Amino acid sequence: MIRLFDSVHGDVRELRLRESGRLSMYVCGPTVYDLPHLGHGRYTLVWDIARRWFSFQGLEVRYVSNITDIDDNIINRALRENSTEESVAAQFEQQWWDAMDLLGEMRPTDVPHATSYVDEMVELIAAMLDKGVAYRISDGIYFDVSTVSDYGLLAGQPLSSLRAGARIEANDEKRSPLDFALWKFAKPGEPRWQAPFGDGRPGWHTECVVMSLGLLGDGFDLHVGGFDLKFPHHENERAQAVAMGHDFARHWSHSGWVMVGGEKMSKSLGNFTSLTDMLSRVDARAYRLLVLRSHYRSPIEVTPDTIGDAQRALERLDALARRFDVPSLGGATFVRASEYDWEGEAKDLYEGVAAYLDEDLNTPLAVAQLFDAVSAANATADRGEIEHSRALAQAVTILFGALGLALRASNDHVDGESEELVLARDQARATKNWAEADRLRDELEQRGWVVEDSVTGTLIRRP
RNA sequence: GGCGGCGUGGCCGAGUGGUUAGGCAGGGGCCUGCAAAGCCCCGUACUCCGGUUCGAAUCCGGACGCCGCCUCCA
């Protein structure tokens with residue numbers, strides 16, 4: 001049984017699936033008008049980890065994540081760069097997938113693009129107008145939030161108190177400041193789609209509700225995203241669905257944001273770092289480990305310090321993989337618990353980790369237990385019980401693989417000349433010619449290798 | 001103003017009413033020809049003030065501080 005925090009009820013509860021054994025989840029994806037930033041990295045890692053774990057535990061997961069490829073920001077950028085919306089979106093979608101690949105994220109099972117669903121959106125908006133839950137003003141079609149009796153469910157506040165806090169928008173024809181755009185009429189030169197109520201483009205909140213319901217259907221299991229999407233984005237998606245008589249998501253869950261210098265990284269503060277840039281400087285796995293080591297709902301500070309810390313912790317894990325030469329798992333493939341025979345300490349480890357992860361994805365505790373197992377495997381091996389500890393080390397690799405973290409045994413390509421130096425050094429050590437052995441080690445290090453001794457002789461790897 | 005969260009050892013970061021989180025950094029030792037890796041040991045933390053309790057970092061109340069949402073945002 002998997003339990004997860006539910007944003008509507010504010011507590012951890014059982015994930016009750018629409019269909020036993022199958023989990024349908026929708027993750028709000030990016031608007032592709034700029035390079036992905038650290039916050040995108042965080043939420044995609046969190047939900048990639050969740051998805052992998054659910055799969056590991058035997059669920060068949062359908063994971064839908066959209067690309068918003070039409071939006072004011074895209075239009076503005078195209079205008080500024082004298083380019084087209086299509087070109088801007090294509091360029092940054094490519095950057096997006098490049099970053100996702102570096103982070104070792106599984107591709108979603110479905111990647112709906114907003115521009116491919118405009119017909120369905122127009123249909124929905126027309127129906128909302130018919131039903132009287134939407135209305136027209138000079139610049140577009142708006143949703144009337146007063147038509148949804150429990151509007152504010154996700155915000156955790158009734159409509160009245162939300163309205164009290166809403167900032168006044170100048171010169172507004174809207175009936176309520178909380179009413180939101182379903183459709184924006186095109187101004188001259190702007191991209192447009194035909195619609196009976198006037199040519200234009202869809203609003204963001206409408207895109208996601210159409211794509212999620214379109215692909216996953218009424219009452220799909222789990223809708224997730226970053227905390228900052230909870231309100232108004234998710235509230236508004238839900239409002240549209242409910243207004244039209246649909247059952248929307250059964251569960252909602254939200255991941256914590258990225259902090260920089262004690263403040264939330266955000267568009268308005270302009271304090272964001274591009275993911276693309278960070279990934280060019282560090283091992284992307286360090287970011288995954290950093291995310292794993294804090295709870296998915298907590299904010300995390302992502303700085304060179306915290307990434308460096310994770311990087312060094314990762315080295316300890318890689319050292320284990322090297323020592324026992326266990327195969328790397330996780331990267332581009334799913335790992336499933338049922339594919340392994342769990343026995344003895346490995347079984348205890350799996351069950352312990354599973355207990356933590358099945359209870360609201362407590363990755364920090366799971367990781368702590370895995371690190372304990374690393375120490376145990378090394379200690380056992382130091383006592384000479386190699387095969388015994390290998391089984392435990394393998395379990396560690398499998399479980400990290402289940403979370404998408406591929407531990408790396410040394411599988412660097414060793415060129416012929418380096419190989420000869422290694423053999424020569426082992427020869428020198430065998431005859432206790434330490435001066436020569438050290439000289440050969442220096443030479444290997446100059447070639448960029450890290451040199452370590454083991455029972456089987458000199459081992460070299462890239463740092 | 002409304003709603004929500006947080007304040008833990010040098011740093012990051014979990015957690016439970018009483019027993020070691022874990023990682024990184026640091027110190028000591030073991031192993032090793034040396035180094036690296038590894039192992040063992042060490043810091044004895046929980047914003048402050050009250051209260052409940054045999055016992056609270058963990059529950060309750062208050063204070064202070066910080067953060068988020070209520071506006072585009074992951």
# chains A, B, ... in the order shown; residues from 1 in each chain; ligands from 1
call {"tool": "residues_around", "arguments": {"residues": "A:Val122", "least_positions_apart": "3", "cutoff": "8 Å", "atoms": "only C-alpha atoms (C1' of nucleotides)", "output": "number ranges by chain"}}
result
A: 118-119, 125-126, 195, 202
call {"tool": "interface_residues", "arguments": {"of": "chain B", "to": "chain A", "cutoff": "7 Å", "atoms": "only C-alpha atoms (C1' of nucleotides)", "output": "list in words"}}
result
G2, C3, C12, G13, A14, G22, G23, C24, G33, A36, A37, G38, C39, C70, C73 and A74 of chain B
call {"tool": "write_last_selection", "arguments": {"atoms": "N, CA, C and O atoms (P, O5', C5', C4', C3', O3' and C1' of nucleotides)", "output": "short mmCIF file (atom, residue, chain, number, x, y, z; two decimals), in the first residue's frame"}}
result
data_model
loop_
_atom_site.label_atom_id
_atom_site.label_comp_id
_atom_site.auth_asym_id
_atom_site.auth_seq_id
_atom_site.Cartn_x
_atom_site.Cartn_y
_atom_site.Cartn_z
P G B 2 -5.63 37.90 9.82
"O5'" G B 2 -6.09 37.05 8.54
"C5'" G B 2 -7.47 36.83 8.29
"C4'" G B 2 -7.62 35.90 7.12
"C3'" G B 2 -6.87 34.58 7.25
"O3'" G B 2 -7.62 33.63 7.99
"C1'" G B 2 -6.40 35.53 5.15
P C B 3 -6.82 32.59 8.93
"O5'" C B 3 -6.16 31.62 7.86
"C5'" C B 3 -6.98 30.81 7.02
"C4'" C B 3 -6.12 30.11 6.00
"C3'" C B 3 -4.96 29.30 6.54
"O3'" C B 3 -5.35 28.04 7.05
"C1'" C B 3 -4.22 30.57 4.71
P C B 12 23.08 24.90 6.82
"O5'" C B 12 22.88 23.58 5.95
"C5'" C B 12 22.99 23.63 4.54
"C4'" C B 12 22.82 22.24 3.97
"C3'" C B 12 21.50 21.55 4.28
"O3'" C B 12 20.46 21.98 3.42
"C1'" C B 12 23.26 20.04 4.60
P G B 13 18.93 21.98 3.97
"O5'" G B 13 18.70 20.48 4.46
"C5'" G B 13 18.65 19.39 3.53
"C4'" G B 13 18.52 18.10 4.31
"C3'" G B 13 17.31 18.07 5.23
"O3'" G B 13 16.17 17.65 4.50
"C1'" G B 13 19.24 17.39 6.43
P A B 14 14.74 17.62 5.26
"O5'" A B 14 14.80 16.15 5.87
"C5'" A B 14 13.96 15.82 6.94
"C4'" A B 14 14.27 14.40 7.32
"C3'" A B 14 13.42 13.87 8.46
"O3'" A B 14 12.20 13.37 7.96
"C1'" A B 14 15.69 13.38 8.87
P G B 22 23.85 7.63 12.07
"O5'" G B 22 23.69 8.00 10.53
"C5'" G B 22 23.25 7.03 9.59
"C4'" G B 22 23.09 7.69 8.25
"C3'" G B 22 24.28 8.52 7.80
"O3'" G B 22 25.30 7.73 7.23
"C1'" G B 22 22.32 9.78 7.51
P G B 23 26.78 8.22 7.27
"O5'" G B 23 26.78 9.41 6.20
"C5'" G B 23 26.48 9.12 4.84
"C4'" G B 23 26.43 10.41 4.06
"C3'" G B 23 27.68 11.27 4.16
"O3'" G B 23 28.68 10.84 3.28
"C1'" G B 23 25.77 12.61 4.50
P C B 24 30.19 11.01 3.67
"O5'" C B 24 30.37 12.59 3.57
"C5'" C B 24 30.21 13.25 2.31
"C4'" C B 24 30.32 14.75 2.52
"C3'" C B 24 31.56 15.22 3.27
"O3'" C B 24 32.70 15.26 2.45
"C1'" C B 24 29.65 16.32 4.12
P G B 33 52.03 -3.15 3.01
"O5'" G B 33 52.86 -1.80 3.12
"C5'" G B 33 53.98 -1.74 3.99
"C4'" G B 33 54.90 -0.64 3.57
"C3'" G B 33 54.25 0.74 3.41
"O3'" G B 33 54.14 1.38 4.66
"C1'" G B 33 55.61 0.30 1.54
P A B 36 45.55 9.60 1.60
"O5'" A B 36 44.68 8.93 0.45
"C5'" A B 36 44.33 9.68 -0.72
"C4'" A B 36 43.63 8.76 -1.70
"C3'" A B 36 42.38 8.07 -1.16
"O3'" A B 36 41.25 8.90 -1.24
"C1'" A B 36 43.75 6.49 -2.23
P A B 37 40.11 8.79 -0.10
"O5'" A B 37 39.53 7.33 -0.33
"C5'" A B 37 38.75 7.03 -1.50
"C4'" A B 37 38.47 5.55 -1.53
"C3'" A B 37 37.80 4.99 -0.28
"O3'" A B 37 36.40 5.21 -0.28
"C1'" A B 37 39.60 3.62 -0.85
P G B 38 35.64 5.46 1.10
"O5'" G B 38 35.89 4.10 1.89
"C5'" G B 38 35.31 2.90 1.42
"C4'" G B 38 35.76 1.75 2.28
"C3'" G B 38 35.51 1.92 3.77
"O3'" G B 38 34.17 1.61 4.11
"C1'" G B 38 37.72 1.17 3.44
P C B 39 33.50 2.27 5.36
"O5'" C B 39 34.19 1.48 6.56
"C5'" C B 39 34.03 0.07 6.67
"C4'" C B 39 34.83 -0.41 7.85
"C3'" C B 39 34.58 0.35 9.15
"O3'" C B 39 33.44 -0.13 9.81
"C1'" C B 39 36.90 0.15 8.79
P C B 70 0.59 33.31 -5.43
"O5'" C B 70 -0.72 33.84 -4.69
"C5'" C B 70 -1.94 33.11 -4.83
"C4'" C B 70 -2.98 33.73 -3.96
"C3'" C B 70 -3.25 35.21 -4.17
"O3'" C B 70 -4.04 35.40 -5.33
"C1'" C B 70 -3.22 34.72 -1.87
P C B 73 1.48 30.78 -14.28
"O5'" C B 73 2.93 30.64 -13.61
"C5'" C B 73 3.94 29.88 -14.23
"C4'" C B 73 5.25 30.20 -13.55
"C3'" C B 73 5.88 29.07 -12.74
"O3'" C B 73 7.01 28.56 -13.41
"C1'" C B 73 5.98 31.15 -11.60
P A B 74 7.00 27.63 -14.63
"O5'" A B 74 7.53 26.31 -13.95
"C5'" A B 74 6.99 25.06 -14.24
"C4'" A B 74 6.91 24.28 -12.96
"C3'" A B 74 5.96 24.92 -11.98
"O3'" A B 74 4.66 24.42 -12.15
"C1'" A B 74 8.02 24.37 -10.92
#
call {"tool": "select_by_dssp", "arguments": {"residues": "stretch 312-379 of chain A", "states": "helix (DSSP H, G or I)", "output": "ChimeraX atom specification"}}
result
/A:312-324,337-339,344-358,363-379
call {"tool": "residues_around", "arguments": {"residues": "A:Gln91", "least_positions_apart": "4", "cutoff": "12 Å", "atoms": "only C-alpha atoms (C1' of nucleotides)", "output": "MDAnalysis selection string"}}
result
chainID A and resid 31:36 69 74 77:78 83:87 95:98
call {"tool": "write_last_selection", "arguments": {"atoms": "N, CA, C and O atoms", "output": "compact mmCIF listing (two decimals), in the first residue's frame"}}
result
# COMPACT_ATOMS: atom_id res chain seq x y z
N THR A 31 6.58 25.58 -19.68
CA THR A 31 6.31 26.46 -20.81
C THR A 31 7.67 26.74 -21.44
O THR A 31 8.58 27.21 -20.75
N VAL A 32 7.81 26.39 -22.70
CA VAL A 32 9.14 26.40 -23.31
C VAL A 32 9.46 27.75 -23.96
O VAL A 32 9.36 27.90 -25.17
N TYR A 33 9.85 28.68 -23.11
CA TYR A 33 10.23 30.00 -23.65
C TYR A 33 11.59 30.42 -23.16
O TYR A 33 12.07 31.51 -23.45
N ASP A 34 12.25 29.55 -22.35
CA ASP A 34 13.56 29.90 -21.81
C ASP A 34 14.24 28.59 -21.39
O ASP A 34 13.62 27.53 -21.39
N LEU A 35 15.51 28.70 -21.00
CA LEU A 35 16.21 27.52 -20.52
C LEU A 35 15.55 27.01 -19.23
O LEU A 35 15.06 27.81 -18.44
N PRO A 36 15.55 25.70 -19.03
CA PRO A 36 15.02 25.19 -17.76
C PRO A 36 15.89 25.68 -16.61
O PRO A 36 17.09 25.85 -16.77
N ASP A 69 3.37 25.04 -25.38
CA ASP A 69 4.14 25.61 -26.48
C ASP A 69 3.45 26.82 -27.11
O ASP A 69 3.84 27.25 -28.20
N ILE A 74 6.17 33.11 -24.77
CA ILE A 74 6.74 32.62 -26.03
C ILE A 74 6.55 33.68 -27.12
O ILE A 74 7.47 33.97 -27.90
N ARG A 77 8.95 36.56 -26.60
CA ARG A 77 10.32 36.23 -26.96
C ARG A 77 10.50 36.20 -28.48
O ARG A 77 11.51 36.67 -29.01
N ALA A 78 9.51 35.61 -29.14
CA ALA A 78 9.58 35.55 -30.60
C ALA A 78 9.64 36.96 -31.19
O ALA A 78 10.42 37.24 -32.10
N SER A 83 11.77 36.27 -34.26
CA SER A 83 11.68 34.86 -34.61
C SER A 83 10.20 34.47 -34.62
O SER A 83 9.32 35.33 -34.55
N THR A 84 9.92 33.18 -34.70
CA THR A 84 8.53 32.75 -34.65
C THR A 84 8.29 31.98 -33.36
O THR A 84 9.21 31.46 -32.75
N GLU A 85 7.01 31.90 -32.99
CA GLU A 85 6.65 31.16 -31.78
C GLU A 85 7.08 29.70 -31.90
O GLU A 85 7.58 29.10 -30.95
N GLU A 86 6.86 29.13 -33.08
CA GLU A 86 7.21 27.72 -33.29
C GLU A 86 8.69 27.50 -33.07
O GLU A 86 9.11 26.52 -32.45
N SER A 87 9.48 28.44 -33.57
CA SER A 87 10.92 28.28 -33.47
C SER A 87 11.40 28.42 -32.03
O SER A 87 12.24 27.65 -31.56
N GLN A 95 16.11 22.06 -25.49
CA GLN A 95 16.94 22.30 -24.30
C GLN A 95 16.37 21.57 -23.09
O GLN A 95 17.10 21.06 -22.24
N TRP A 96 15.07 21.56 -23.04
CA TRP A 96 14.38 20.88 -21.93
C TRP A 96 14.74 19.39 -21.91
O TRP A 96 15.16 18.84 -20.91
N TRP A 97 14.58 18.74 -23.06
CA TRP A 97 14.84 17.29 -23.09
C TRP A 97 16.32 16.99 -22.90
O TRP A 97 16.67 15.97 -22.29
N ASP A 98 17.16 17.87 -23.38
CA ASP A 98 18.59 17.67 -23.15
C ASP A 98 18.88 17.64 -21.65
O ASP A 98 19.63 16.79 -21.16
call {"tool": "atom_distance", "arguments": {"atom1": "atom CA of A:Val88", "atom2": "atom CA of A:Trp47"}}
result
26.3 Å
call {"tool": "atom_distance", "arguments": {"atom1": "atom CA of A:Asp48", "atom2": "atom CA of A:Leu289"}}
result
12.8 Å
